[in-house]
$ cat upload_32.cif   # mmCIF, C-alpha atoms and all ligand atoms
data_entry
#
loop_
_atom_site.label_atom_id
_atom_site.label_comp_id
_atom_site.auth_asym_id
_atom_site.auth_seq_id
_atom_site.Cartn_x
_atom_site.Cartn_y
_atom_site.Cartn_z
CA MET A 1 122.23 73.47 100.94
CA VAL A 2 119.73 75.50 98.94
CA GLN A 3 118.42 73.56 95.94
CA ALA A 4 116.88 75.23 92.92
CA PRO A 5 113.25 74.10 92.70
CA ALA A 6 112.86 71.49 89.98
CA ASP A 7 109.74 71.66 87.86
CA PRO A 8 107.67 68.77 89.26
CA ARG A 9 106.43 67.96 85.76
CA PHE A 10 109.99 67.07 84.82
CA ALA A 11 110.99 65.47 88.11
CA ASP A 12 111.12 61.98 86.61
CA GLY A 13 113.70 62.98 84.02
CA LYS A 14 111.13 63.58 81.31
CA LEU A 15 112.26 65.88 78.53
CA PHE A 16 108.89 66.99 77.18
CA ASP A 17 105.37 67.78 78.11
CA LEU A 18 104.26 68.94 74.68
CA GLU A 19 100.58 68.56 75.55
CA ASN A 20 101.29 71.62 77.66
CA GLY A 21 103.95 73.08 75.36
CA LEU A 22 106.87 72.46 77.69
CA VAL A 23 110.43 71.43 76.86
CA ALA A 24 113.12 70.60 79.40
CA ARG A 25 116.06 72.95 78.90
CA ARG A 26 118.40 70.02 79.37
CA ILE A 27 117.99 69.16 75.68
CA PHE A 28 119.96 72.31 74.85
CA SER A 29 122.94 71.57 77.07
CA ASP A 30 123.31 67.90 77.96
CA PRO A 31 126.40 66.31 76.31
CA GLU A 32 124.84 62.83 76.36
CA ILE A 33 121.73 64.06 74.56
CA TYR A 34 123.97 65.80 72.04
CA ASP A 35 125.90 62.59 71.31
CA GLU A 36 122.66 60.69 70.93
CA GLU A 37 121.12 63.19 68.51
CA MET A 38 124.19 63.17 66.28
CA GLN A 39 123.40 59.50 65.72
CA ARG A 40 119.62 59.39 65.83
CA VAL A 41 118.76 62.71 64.17
CA PHE A 42 121.67 63.52 61.89
CA HIS A 43 122.19 59.94 60.72
CA GLN A 44 118.51 59.40 59.88
CA CYS A 45 117.40 62.63 58.21
CA TRP A 46 118.17 64.01 54.78
CA LEU A 47 120.72 66.82 55.09
CA PHE A 48 121.46 69.66 52.70
CA LEU A 49 124.93 69.38 51.15
CA GLY A 50 125.08 72.19 48.63
CA HIS A 51 123.90 73.13 45.17
CA ASP A 52 124.64 71.57 41.79
CA SER A 53 126.17 74.82 40.55
CA MET A 54 128.86 74.58 43.24
CA LEU A 55 130.04 71.35 41.60
CA ALA A 56 129.49 72.19 37.96
CA ARG A 57 132.40 70.20 36.46
CA PRO A 58 133.81 66.70 37.03
CA GLY A 59 136.33 66.85 39.85
CA ASP A 60 134.65 69.81 41.57
CA PHE A 61 134.36 69.27 45.30
CA LEU A 62 133.30 71.04 48.46
CA THR A 63 133.68 70.11 52.09
CA THR A 64 130.92 70.40 54.65
CA TYR A 65 129.46 68.56 57.65
CA MET A 66 126.63 66.12 58.17
CA GLY A 67 125.91 66.62 61.84
CA ASP A 68 129.41 66.71 63.25
CA ASP A 69 130.82 64.35 60.61
CA PRO A 70 133.05 66.12 58.09
CA VAL A 71 132.31 65.13 54.49
CA ILE A 72 133.72 65.74 51.02
CA VAL A 73 131.07 66.20 48.33
CA TRP A 74 132.75 65.39 45.04
CA ARG A 75 131.68 65.06 41.39
CA ASP A 76 133.38 62.11 39.72
CA PRO A 77 134.53 61.95 36.05
CA HIS A 78 131.17 60.40 35.06
CA GLY A 79 129.24 63.32 36.55
CA LYS A 80 127.97 61.46 39.62
CA VAL A 81 128.10 63.33 42.93
CA HIS A 82 129.36 61.37 45.95
CA ALA A 83 129.66 62.31 49.59
CA PHE A 84 132.51 60.70 51.52
CA LEU A 85 133.51 60.88 55.13
CA ASN A 86 136.44 63.27 55.10
CA ASN A 87 138.58 60.80 57.03
CA CYS A 88 141.53 58.87 55.70
CA THR A 89 140.83 55.16 56.10
CA HIS A 90 144.41 54.55 57.32
CA ARG A 91 144.34 56.29 60.72
CA GLY A 92 141.50 58.75 60.40
CA ASN A 93 143.36 61.93 59.49
CA ARG A 94 141.29 64.68 57.83
CA LEU A 95 141.85 64.05 54.12
CA CYS A 96 140.73 67.18 52.29
CA LEU A 97 141.77 70.43 53.94
CA HIS A 98 140.11 72.81 51.49
CA ASP A 99 136.66 74.40 51.41
CA ARG A 100 136.05 74.03 47.72
CA GLY A 101 137.92 73.44 44.47
CA ARG A 102 138.66 70.91 41.78
CA ALA A 103 140.83 67.81 42.11
CA THR A 104 141.21 64.34 40.68
CA SER A 105 142.54 62.96 43.98
CA PHE A 106 143.58 63.87 47.51
CA SER A 107 146.65 62.62 49.36
CA CYS A 108 146.56 62.35 53.11
CA SER A 109 149.12 64.59 54.83
CA TYR A 110 150.14 61.86 57.33
CA HIS A 111 151.37 58.85 55.32
CA GLY A 112 150.31 59.83 51.84
CA TRP A 113 147.46 57.45 51.05
CA THR A 114 145.69 58.84 47.98
CA PHE A 115 141.99 58.61 47.12
CA ASN A 116 140.18 59.52 43.89
CA SER A 117 136.80 61.19 43.33
CA GLU A 118 135.08 57.79 43.29
CA GLY A 119 136.45 57.19 46.76
CA ARG A 120 138.91 54.49 45.78
CA LEU A 121 142.32 54.13 47.40
CA VAL A 122 144.55 54.64 44.37
CA GLY A 123 147.95 55.36 45.87
CA VAL A 124 149.92 53.97 48.81
CA PRO A 125 153.52 55.10 49.26
CA PHE A 126 156.05 52.30 49.79
CA MET A 127 153.51 49.70 48.76
CA GLU A 128 156.26 47.20 47.97
CA GLU A 129 158.93 48.19 50.51
CA ALA A 130 156.69 48.67 53.53
CA TYR A 131 153.54 46.68 52.80
CA MET A 132 155.27 44.12 50.60
CA GLY A 133 152.20 44.23 48.37
CA GLN A 134 149.99 42.97 51.21
CA LEU A 135 147.32 45.62 51.43
CA ASP A 136 143.76 45.10 50.26
CA VAL A 137 143.28 48.50 48.62
CA GLU A 138 139.84 47.52 47.32
CA CYS A 139 138.48 47.41 50.86
CA LEU A 140 140.09 50.62 51.99
CA GLY A 141 138.15 53.17 49.96
CA LEU A 142 136.60 56.21 51.61
CA VAL A 143 133.44 55.65 53.64
CA GLU A 144 130.61 56.77 51.39
CA VAL A 145 127.28 58.30 52.37
CA PRO A 146 124.82 55.75 50.95
CA LYS A 147 122.25 58.23 49.64
CA VAL A 148 123.12 61.37 47.71
CA VAL A 149 120.65 62.98 45.33
CA SER A 150 120.11 66.21 43.50
CA ARG A 151 116.53 67.53 43.64
CA GLY A 152 115.63 70.91 42.15
CA GLY A 153 119.38 71.60 41.91
CA LEU A 154 119.77 71.09 45.66
CA LEU A 155 122.14 68.34 46.80
CA TRP A 156 121.03 66.15 49.69
CA GLY A 157 122.66 63.32 51.56
CA CYS A 158 121.37 60.74 54.02
CA TRP A 159 123.28 58.16 56.06
CA ASP A 160 120.23 55.91 56.36
CA ALA A 161 120.20 53.59 53.35
CA GLY A 162 116.58 52.68 54.10
CA ALA A 163 115.31 56.25 54.37
CA PRO A 164 112.36 57.38 52.24
CA SER A 165 113.21 59.49 49.18
CA VAL A 166 113.96 63.17 49.66
CA ASP A 167 110.72 63.88 47.78
CA GLU A 168 108.79 61.93 50.35
CA TYR A 169 110.84 63.30 53.25
CA LEU A 170 110.18 66.96 52.43
CA GLY A 171 106.70 66.36 51.03
CA ASP A 172 104.70 69.52 50.36
CA PHE A 173 107.79 71.69 50.73
CA TRP A 174 108.54 70.79 47.12
CA TRP A 175 105.25 72.23 45.91
CA TYR A 176 106.28 75.61 47.31
CA TYR A 177 109.86 75.33 46.06
CA ASP A 178 108.85 74.23 42.56
CA THR A 179 106.20 76.93 42.32
CA LEU A 180 108.78 79.60 42.99
CA PHE A 181 111.62 78.18 40.94
CA GLY A 182 110.23 75.58 38.53
CA ASP A 183 112.89 74.27 36.20
CA ASP A 184 114.47 77.72 35.78
CA GLY A 185 117.05 76.88 38.32
CA LEU A 186 119.16 78.70 40.80
CA GLU A 187 122.87 79.26 40.98
CA ALA A 188 125.04 79.82 44.00
CA LEU A 189 126.90 83.06 44.28
CA ARG A 190 130.58 82.63 45.11
CA GLY A 191 131.62 81.95 48.65
CA CYS A 192 129.99 80.94 51.88
CA HIS A 193 129.39 83.28 54.80
CA ARG A 194 130.36 81.49 58.02
CA TYR A 195 130.06 82.49 61.61
CA SER A 196 130.00 80.89 65.04
CA MET A 197 127.24 81.23 67.57
CA VAL A 198 127.07 80.26 71.20
CA GLY A 199 124.18 77.89 71.79
CA ASN A 200 122.74 74.53 70.88
CA TRP A 201 121.80 74.04 67.21
CA LYS A 202 118.14 73.54 68.14
CA LEU A 203 117.86 77.09 69.45
CA PHE A 204 118.67 78.39 65.97
CA CYS A 205 116.57 75.83 64.11
CA ASP A 206 113.44 75.97 66.28
CA ASN A 207 113.56 79.73 65.74
CA PHE A 208 113.64 79.27 61.97
CA SER A 209 110.93 76.66 62.09
CA GLY A 210 108.39 79.36 62.88
CA ASP A 211 109.20 81.90 65.58
CA GLY A 212 107.21 84.82 64.22
CA LEU A 213 106.88 86.35 67.67
CA HIS A 214 110.51 87.37 68.05
CA VAL A 215 110.67 89.24 64.75
CA PRO A 216 109.04 92.55 65.73
CA ILE A 217 110.70 92.40 69.17
CA SER A 218 114.28 91.15 68.66
CA HIS A 219 114.71 92.76 65.25
CA ARG A 220 112.99 96.06 66.04
CA SER A 221 116.19 98.04 65.58
CA ALA A 222 116.72 96.53 62.12
CA PHE A 223 113.26 97.64 61.05
CA ALA A 224 113.94 101.10 62.47
CA VAL A 225 116.99 101.69 60.29
CA ASP A 226 116.16 99.67 57.18
CA ALA A 227 113.19 101.06 55.30
CA THR A 228 113.07 98.09 52.92
CA ARG A 229 112.08 95.80 55.79
CA ARG A 230 109.62 98.15 57.44
CA ASN A 231 106.50 96.98 55.66
CA TYR A 232 106.95 93.55 57.27
CA LEU A 233 105.58 94.98 60.51
CA ASP A 234 102.54 96.52 58.83
CA ARG A 235 101.38 93.35 57.20
CA THR A 236 101.18 90.57 59.74
CA SER A 237 97.52 89.91 58.92
CA ASP A 238 98.19 88.69 55.38
CA ARG A 239 101.14 86.48 56.23
CA PHE A 240 100.76 82.87 57.23
CA MET A 241 102.73 80.04 58.73
CA VAL A 242 102.62 76.77 56.83
CA GLN A 243 103.78 73.49 58.30
CA PHE A 244 104.49 70.27 56.42
CA MET A 245 104.67 66.95 58.21
CA PRO A 246 106.64 65.87 60.01
CA ALA A 247 108.56 69.07 60.85
CA HIS A 248 109.26 71.26 57.84
CA GLY A 249 107.63 74.51 56.89
CA VAL A 250 107.69 78.02 55.55
CA GLY A 251 106.96 81.13 57.55
CA ALA A 252 105.47 84.48 56.68
CA LEU A 253 104.01 83.12 53.44
CA THR A 254 102.89 85.95 51.18
CA LEU A 255 100.19 85.76 48.54
CA GLY A 256 99.26 87.18 45.15
CA ASP A 257 101.35 90.14 44.04
CA SER A 258 102.66 90.87 47.51
CA GLY A 259 106.17 92.33 47.44
CA LEU A 260 106.18 92.95 43.69
CA GLN A 261 105.88 96.73 43.92
CA ALA A 262 108.61 96.93 46.57
CA ASP A 263 110.90 94.87 44.30
CA LEU A 264 110.08 97.04 41.30
CA ASN A 265 110.84 100.22 43.26
CA ARG A 266 114.26 98.87 44.11
CA ALA A 267 114.83 97.46 40.63
CA GLU A 268 114.27 100.91 39.15
CA GLU A 269 117.39 102.09 40.93
CA LEU A 270 119.31 99.26 39.23
CA GLY A 271 118.07 100.04 35.72
CA PRO A 272 115.65 98.80 33.05
CA GLU A 273 117.23 95.36 32.77
CA ALA A 274 116.51 94.68 36.44
CA VAL A 275 112.94 96.00 36.15
CA GLU A 276 112.27 93.80 33.14
CA TRP A 277 113.64 90.72 34.89
CA VAL A 278 111.57 91.30 38.05
CA HIS A 279 108.46 91.48 35.83
CA GLU A 280 109.48 88.37 33.91
CA ARG A 281 110.23 86.39 37.08
CA HIS A 282 106.86 87.40 38.50
CA ARG A 283 105.11 86.41 35.27
CA ARG A 284 106.72 82.97 35.35
CA ILE A 285 105.71 82.35 38.98
CA GLN A 286 102.14 83.35 38.15
CA GLU A 287 102.12 81.14 35.07
CA ARG A 288 103.07 78.08 37.15
CA GLN A 289 100.03 78.74 39.32
CA LYS A 290 97.53 79.63 36.64
CA ALA A 291 95.25 76.74 37.56
CA ALA A 292 95.54 77.30 41.31
CA GLU A 293 92.76 78.63 43.46
CA THR A 294 95.21 80.69 45.48
CA ARG A 295 98.50 82.16 44.26
CA ILE A 296 101.56 82.48 46.43
CA ALA A 297 104.19 85.21 46.15
CA GLY A 298 106.93 83.80 48.40
CA TRP A 299 107.90 83.40 52.04
CA VAL A 300 110.27 85.17 54.37
CA TRP A 301 111.82 82.16 56.08
CA GLY A 302 111.51 78.41 56.14
CA GLN A 303 113.05 75.22 57.34
CA CYS A 304 113.79 71.70 56.25
CA PHE A 305 114.30 69.64 59.40
CA PRO A 306 116.75 69.32 61.00
CA ASN A 307 119.15 72.08 60.08
CA LEU A 308 118.57 73.74 56.71
CA ASN A 309 117.07 77.17 57.21
CA LEU A 310 115.85 79.44 54.45
CA GLN A 311 115.52 83.18 54.29
CA ALA A 312 114.34 85.94 51.97
CA PHE A 313 112.40 83.96 49.39
CA ASP A 314 109.83 86.76 49.39
CA SER A 315 111.83 89.05 47.14
CA ALA A 316 113.50 88.88 43.75
CA LEU A 317 116.26 91.19 44.91
CA ARG A 318 117.42 89.86 48.24
CA GLY A 319 118.96 86.59 47.09
CA HIS A 320 117.81 83.35 48.66
CA ALA A 321 119.78 82.36 51.72
CA PHE A 322 120.33 78.65 52.37
CA ILE A 323 121.54 78.63 55.95
CA VAL A 324 122.97 75.44 57.40
CA CYS A 325 123.30 75.28 61.17
CA HIS A 326 126.15 72.87 61.91
CA PRO A 327 126.15 71.56 65.49
CA LYS A 328 129.52 71.99 67.20
CA GLY A 329 128.91 70.48 70.62
CA PRO A 330 126.01 70.90 73.04
CA ASP A 331 126.40 74.65 73.31
CA ALA A 332 128.06 75.77 70.08
CA MET A 333 127.08 76.00 66.44
CA GLU A 334 128.50 77.22 63.19
CA ILE A 335 126.30 78.87 60.63
CA TRP A 336 127.19 78.37 56.97
CA GLN A 337 125.21 80.58 54.72
CA TYR A 338 125.02 80.28 50.95
CA CYS A 339 123.31 82.83 48.74
CA LEU A 340 121.47 81.52 45.68
CA ILE A 341 119.84 83.52 42.94
CA GLU A 342 117.92 82.70 39.78
CA LYS A 343 120.40 81.70 37.08
CA ASP A 344 118.86 83.98 34.49
CA ALA A 345 118.94 87.12 36.66
CA PRO A 346 120.89 89.94 34.95
CA GLN A 347 124.38 90.64 36.21
CA VAL A 348 123.28 93.94 37.73
CA VAL A 349 120.87 92.01 39.99
CA LYS A 350 123.47 89.37 40.89
CA SER A 351 125.99 92.05 41.81
CA PHE A 352 123.41 93.89 43.90
CA VAL A 353 122.46 90.69 45.72
CA ALA A 354 126.11 89.80 46.31
CA ARG A 355 126.72 93.23 47.85
CA THR A 356 123.66 93.20 50.08
CA ALA A 357 123.15 89.53 51.02
CA THR A 358 125.00 89.76 54.33
CA ARG A 359 123.26 92.88 55.59
CA GLY A 360 120.35 91.05 57.21
CA GLN A 361 120.43 87.49 58.49
CA SER A 362 124.17 87.04 58.85
CA GLY A 363 127.00 87.19 61.34
CA THR A 364 127.52 90.85 60.59
CA GLY A 365 124.01 91.83 59.52
CA LEU A 366 121.28 93.76 61.22
CA ILE A 367 119.18 90.65 61.85
CA GLY A 368 121.58 87.79 62.61
CA ILE A 369 123.37 89.47 65.50
CA ASP A 370 120.09 90.02 67.36
CA ASP A 371 119.38 86.29 67.24
CA GLY A 372 122.96 85.43 68.20
CA GLU A 373 122.84 87.60 71.32
CA ASN A 374 119.60 86.00 72.49
CA PHE A 375 120.96 82.48 71.99
CA GLU A 376 124.17 83.36 73.84
CA ARG A 377 122.31 84.76 76.84
CA ILE A 378 119.99 81.74 76.95
CA THR A 379 123.00 79.42 76.85
CA GLU A 380 124.83 81.25 79.63
CA ASN A 381 121.71 80.95 81.77
CA MET A 382 121.36 77.25 81.11
CA ARG A 383 124.72 76.64 82.72
CA THR A 384 123.54 77.89 86.10
CA VAL A 385 122.22 75.57 88.80
CA ALA A 386 118.98 77.50 89.18
CA ASN A 387 118.18 77.26 85.49
CA ARG A 388 119.13 73.70 84.84
CA ASP A 389 115.86 72.11 85.87
CA VAL A 390 113.53 74.73 84.46
CA ASN A 391 111.59 74.21 81.25
CA SER A 392 111.09 76.35 78.16
CA ASN A 393 107.63 77.40 77.14
CA TYR A 394 106.17 76.73 73.70
CA ALA A 395 102.50 76.89 74.70
CA MET A 396 101.20 79.66 72.45
CA THR A 397 97.60 79.06 71.30
CA LEU A 398 97.68 75.42 72.37
CA GLU A 399 93.93 75.40 72.90
CA LEU A 400 93.24 77.05 69.54
CA GLU A 401 95.51 74.98 67.33
CA GLY A 402 93.80 74.42 64.00
CA HIS A 403 90.82 76.55 65.07
CA TRP A 404 92.23 80.06 65.05
CA PRO A 405 89.67 82.84 65.18
CA GLY A 406 88.88 84.14 61.70
CA GLN A 407 90.64 81.36 59.83
CA GLU A 408 87.56 80.77 57.63
CA GLN A 409 88.40 84.07 55.98
CA TRP A 410 92.05 83.27 55.25
CA PRO A 411 92.59 83.36 51.48
CA VAL A 412 94.61 80.14 51.37
CA ALA A 413 92.16 77.69 49.80
CA GLY A 414 93.80 74.88 47.87
CA LEU A 415 97.33 75.47 49.18
CA PRO A 416 99.08 72.42 50.64
CA GLY A 417 100.17 72.30 54.28
CA PHE A 418 98.83 73.09 57.73
CA PHE A 419 98.16 76.82 58.07
CA GLY A 420 98.38 79.13 61.02
CA PRO A 421 98.58 82.84 61.79
CA SER A 422 101.82 84.79 61.47
CA MET A 423 102.68 84.11 65.11
CA TRP A 424 102.37 80.63 66.57
CA GLU A 425 104.41 77.96 68.29
CA THR A 426 102.85 75.02 66.49
CA SER A 427 105.85 74.46 64.23
CA GLN A 428 108.20 74.50 67.23
CA ARG A 429 106.04 71.93 69.01
CA ARG A 430 106.08 69.78 65.88
CA PHE A 431 109.85 70.28 65.57
CA TYR A 432 110.30 68.83 69.07
CA ARG A 433 107.70 66.12 68.58
CA TYR A 434 109.59 64.85 65.55
CA TRP A 435 112.96 65.25 67.27
CA ALA A 436 111.58 63.23 70.20
CA SER A 437 110.30 60.48 67.90
CA LEU A 438 113.73 60.16 66.26
CA MET A 439 115.37 60.09 69.67
CA GLY A 440 112.94 57.46 70.94
CA VAL A 441 111.77 59.80 73.68
CA GLN A 442 108.21 60.25 74.94
CA ALA A 443 106.76 63.67 74.01
FE1 LIG B 501 146.14 58.97 56.24
FE2 LIG B 501 148.03 57.55 57.42
S1 LIG B 501 146.41 58.61 58.34
S2 LIG B 501 147.80 57.97 55.32
FE FE B 502 115.54 86.24 64.04
#
$ encode --input "upload_32.cif" --output "C-alpha cells" --more "lines below"
Ligand code: FES
Ligand code: FE
Amino acid sequence: MVQAPADPRFADGKLFDLENGLVARRIFSDPEIYDEEMQRVFHQCWLFLGHDSMLARPGDFLTTYMGDDPVIVWRDPHGKVHAFLNNCTHRGNRLCLHDRGRATSFSCSYHGWTFNSEGRLVGVPFMEEAYMGQLDVECLGLVEVPKVVSRGGLLWGCWDAGAPSVDEYLGDFWWYYDTLFGDDGLEALRGCHRYSMVGNWKLFCDNFSGDGLHVPISHRSAFAVDATRRNYLDRTSDRFMVQFMPAHGVGALTLGDSGLQADLNRAEELGPEAVEWVHERHRRIQERQKAAETRIAGWVWGQCFPNLNLQAFDSALRGHAFIVCHPKGPDAMEIWQYCLIEKDAPQVVKSFVARTATRGQSGTGLIGIDDGENFERITENMRTVANRDVNSNYAMTLELEGHWPGQEQWPVAGLPGFFGPSMWETSQRRFYRYWASLMGVQA
C-alpha cells in the first residue's frame, strides 16, 4: 500500500516545531484535540460575551456561546449581569430559545421548571403532587459562569474562578482601546450578522491575529471594485503589527492623522453633521494622546485570544466589528458579528454604518467570502490521507524577529507592545505558542 510521506519532524506525534515555524495540520481536524481545547482553552480564557448596551435594562438578556457551551447573559433586577449555562438543571434541555430580549424568567419547554434572572429555580410544576415538596430548589439553580465583568462597556466571562483579571489578561490591548474610545463609549447597532464557515476556529482566528500577507492576495478583487479600500495597498510601509503578550494584538496600526481625510471625504457626502462629528471624534482621540510621543490613528484588525476578532477600527465611518468565532466541531465554525459605533455619532452616521457594515468582512461581503473559500479548501484538503501528516508553515522572518531591517526608523516610540512590519507571522507563532501552553503541549 502506498503511504503518504509523513514529515519526519512530526513522526513522534509532535504538534509543533515553532522554532522552525511549523504546525501539524492535525490541530485543525482532530476531534480529540477539539474536545481538549474546549476544556483547556475555552474554559481558561476570558471570552467576549457582548456589550453593555445590548443589555441596557434589568431583565435584558442575550444568548451566546462560550466555546461550545451555550450561555444566557442576563441583567438581573439589581443591574448585575450574570452568565448562566443555557441548560435546564432538571434534564439538561436548552432553557432559553431566543437570541435576545427581556424577561423576568424562563420556563423549560420539557417539564416547566422556571428560573429567574438571578439563576434561581423559582417554579416547579406539580411540586406538591409529584415531588411531594421534596425537592431542594436552592441547590438546583442554573450553573453560573463564575467571572463576568464589564470593561470599557465590553462584557467578558471566564469559567476559571482563579483567572487573572480581564485587565491583566488583555494587558496593553486596553491602552489602544481606551485611547480610541476613552469613556465616550460605544453602542451596539441592532442585530447580529451570523454565518457558518467550513473549517476549524483556529484558521479564522490565526488569520485575524496578524495575517497581513493574505490581504493584498486573497482580497485583491475587493480592492479592485471598492475605491474606499484601495489606499490600503499603497500604504503598507506606514502600517505596523503590534502584539501583546501572551497572544493578543492589533494589525495594520495607523498613526497620526492617517485616514482622517478619507473619512472627511466620505462624511461630506453625508452632510455637515457627519463632517463635524468626524472632526470632533478625531480631536478627542488626539486629546487623549496629547502627552504621548507617538499618536495612533486606529487599526484595521485585531484579536483578543482566543476568539474575539476586531475589524475596521481605522475609520470613523465603517463601524467597529466585534467578530466572535464560535467553534462548532473540529471542522466547522459560526461567525457572529456585532457592529458597534460611538454612542454620540449622529444618526446619519449610524444609519450609514448600519447600511454598509456587512459589505466587507461578512458572510455576504467582499472580504469575508474570500477568507471563507480559503478555509473551506484547506479543510477539504486536510481530510485526505496525503495531507493528514503534513505541516503548515508559519516561518516568515523567523531569523529576523525583533530585528527587522529599518525598524530604527519606525515612528512608534513610546507605544506599548511588540512591533513588527505590516506582514509577519510572529503573532501566529505566538497564538500557537500560547494555545500549546494552555493545552499542556510542547511547542
Ligand atoms: Fe427542563 Fe425537565 S428538562 S424541566
Ligand atoms: Fe481576510
$ closest_residue --input "upload_32.cif" --among "A:Gln134, A:Gly92, A:Gly360, A:Met333" --to "Asp226 in chain A" --atoms "all atoms listed in the file"
A:Gly360
$ axis_aligned_box --input "upload_32.cif" --around "range 329-347 of chain A" --padding-each-side "5 Å" --output "lines of an AutoDock Vina configuration file"
center_x = 123.4
center_y = 80.6
center_z = 53.9
size_x = 21.0
size_y = 30.2
size_z = 48.8
$ residues_near_point --input "upload_32.cif" --point "(115.0, 88.1, 58.4)" --cutoff "12 Å" --atoms "all atoms listed in the file" --output "NGL selection string"
:A and (207-208 or 210-212 or 214-216 or 218-220 or 222-223 or 226 or 228-230 or 232-233 or 251-252 or 299-302 or 309-315 or 318 or 320-321 or 323 or 357-362 or 365-371)
$ atom_distance --input "upload_32.cif" --atom1 "CA of Tyr65 in chain A" --atom2 "CA of Ala436 in chain A"
22.5 Å
$ atom_distance --input "upload_32.cif" --atom1 "CA of Tyr110 in chain A" --atom2 "CA of Asp69 in chain A"
19.8 Å
$ residues_near_point --input "upload_32.cif" --point "(119.3, 80.3, 78.2)" --cutoff "12 Å" --atoms "all atoms listed in the file" --output "PyMOL selection string"
chain A and resi 24-29+198-200+203+331+372-392
$ closest_residue --input "upload_32.cif" --among "A:Met66, A:Ile72, A:Cys45, A:Ile217" --to "Tyr434 in chain A" --atoms "all atoms listed in the file"
A:Cys45
$ residues_around --input "upload_32.cif" --residues "Arg194 in chain A" --least-positions-apart "5" --cutoff "8 Å" --atoms "only C-alpha atoms" --output "PyMOL selection string"
chain A and resi 334-337+363
$ residues_near_ligand --input "upload_32.cif" --ligand "ligand LIG 501 (chain B)" --cutoff "8 Å" --atoms "all atoms listed in the file" --output "mmCIF file with C-alpha atoms, in the frame of the given file"
data_model
loop_
_atom_site.group_PDB
_atom_site.id
_atom_site.type_symbol
_atom_site.label_atom_id
_atom_site.label_comp_id
_atom_site.auth_asym_id
_atom_site.auth_seq_id
_atom_site.Cartn_x
_atom_site.Cartn_y
_atom_site.Cartn_z
ATOM 1 C CA ASN A 87 138.580 60.800 57.030
ATOM 2 C CA CYS A 88 141.530 58.870 55.700
ATOM 3 C CA THR A 89 140.830 55.160 56.100
ATOM 4 C CA HIS A 90 144.410 54.550 57.320
ATOM 5 C CA ARG A 91 144.340 56.290 60.720
ATOM 6 C CA GLY A 92 141.500 58.750 60.400
ATOM 7 C CA ASN A 93 143.360 61.930 59.490
ATOM 8 C CA ARG A 94 141.290 64.680 57.830
ATOM 9 C CA LEU A 95 141.850 64.050 54.120
ATOM 10 C CA SER A 107 146.650 62.620 49.360
ATOM 11 C CA CYS A 108 146.560 62.350 53.110
ATOM 12 C CA SER A 109 149.120 64.590 54.830
ATOM 13 C CA TYR A 110 150.140 61.860 57.330
ATOM 14 C CA HIS A 111 151.370 58.850 55.320
ATOM 15 C CA GLY A 112 150.310 59.830 51.840
ATOM 16 C CA TRP A 113 147.460 57.450 51.050
ATOM 17 C CA THR A 114 145.690 58.840 47.980
ATOM 18 C CA VAL A 124 149.920 53.970 48.810
#
$ atom_distance --input "upload_32.cif" --atom1 "CA of Phe16 in chain A" --atom2 "CA of Asn307 in chain A"
20.6 Å
$ closest_residue --input "upload_32.cif" --among "A:Ser150, A:Val122, A:Leu180, A:Phe48" --to "Gly79 in chain A" --atoms "all atoms listed in the file"
A:Ser150
$ closest_residue --input "upload_32.cif" --among "A:Glu287, A:Asp206, A:Glu408, A:Glu276" --to "ligand FE 502 (chain B)" --atoms "all atoms listed in the file"
A:Asp206
$ closest_residue --input "upload_32.cif" --among "A:Cys339, A:Leu155, A:Ala83, A:Leu438" --to "Leu189 in chain A" --atoms "all atoms listed in the file"
A:Cys339
$ closest_residue --input "upload_32.cif" --among "A:Cys205, A:Val412, A:Ala345, A:Met241" --to "ligand FE 502 (chain B)" --atoms "all atoms listed in the file"
A:Cys205
$ residues_around --input "upload_32.cif" --residues "Leu398 in chain A" --least-positions-apart "6" --cutoff "8 Å" --atoms "only C-alpha atoms" --output "number ranges by chain"
A: 20-21, 426
$ write_last_selection --input "upload_32.cif" --atoms "C-alpha atoms" --output "PDB file, keeping the file's coordinate frame"
ATOM      1  CA  ASN A  20     101.290  71.620  77.660  1.00  0.00           C
ATOM      2  CA  GLY A  21     103.950  73.080  75.360  1.00  0.00           C
ATOM      3  CA  THR A 426     102.850  75.020  66.490  1.00  0.00           C
TER       4      THR A 426
END
$ residues_around --input "upload_32.cif" --residues "Cys304 in chain A" --least-positions-apart "5" --cutoff "12 Å" --atoms "only C-alpha atoms" --output "MDAnalysis selection string"
chainID A and resid 45:48 156 166:167 169:174 177 205:206 208:210 243:251 309:311 322:325 427 431
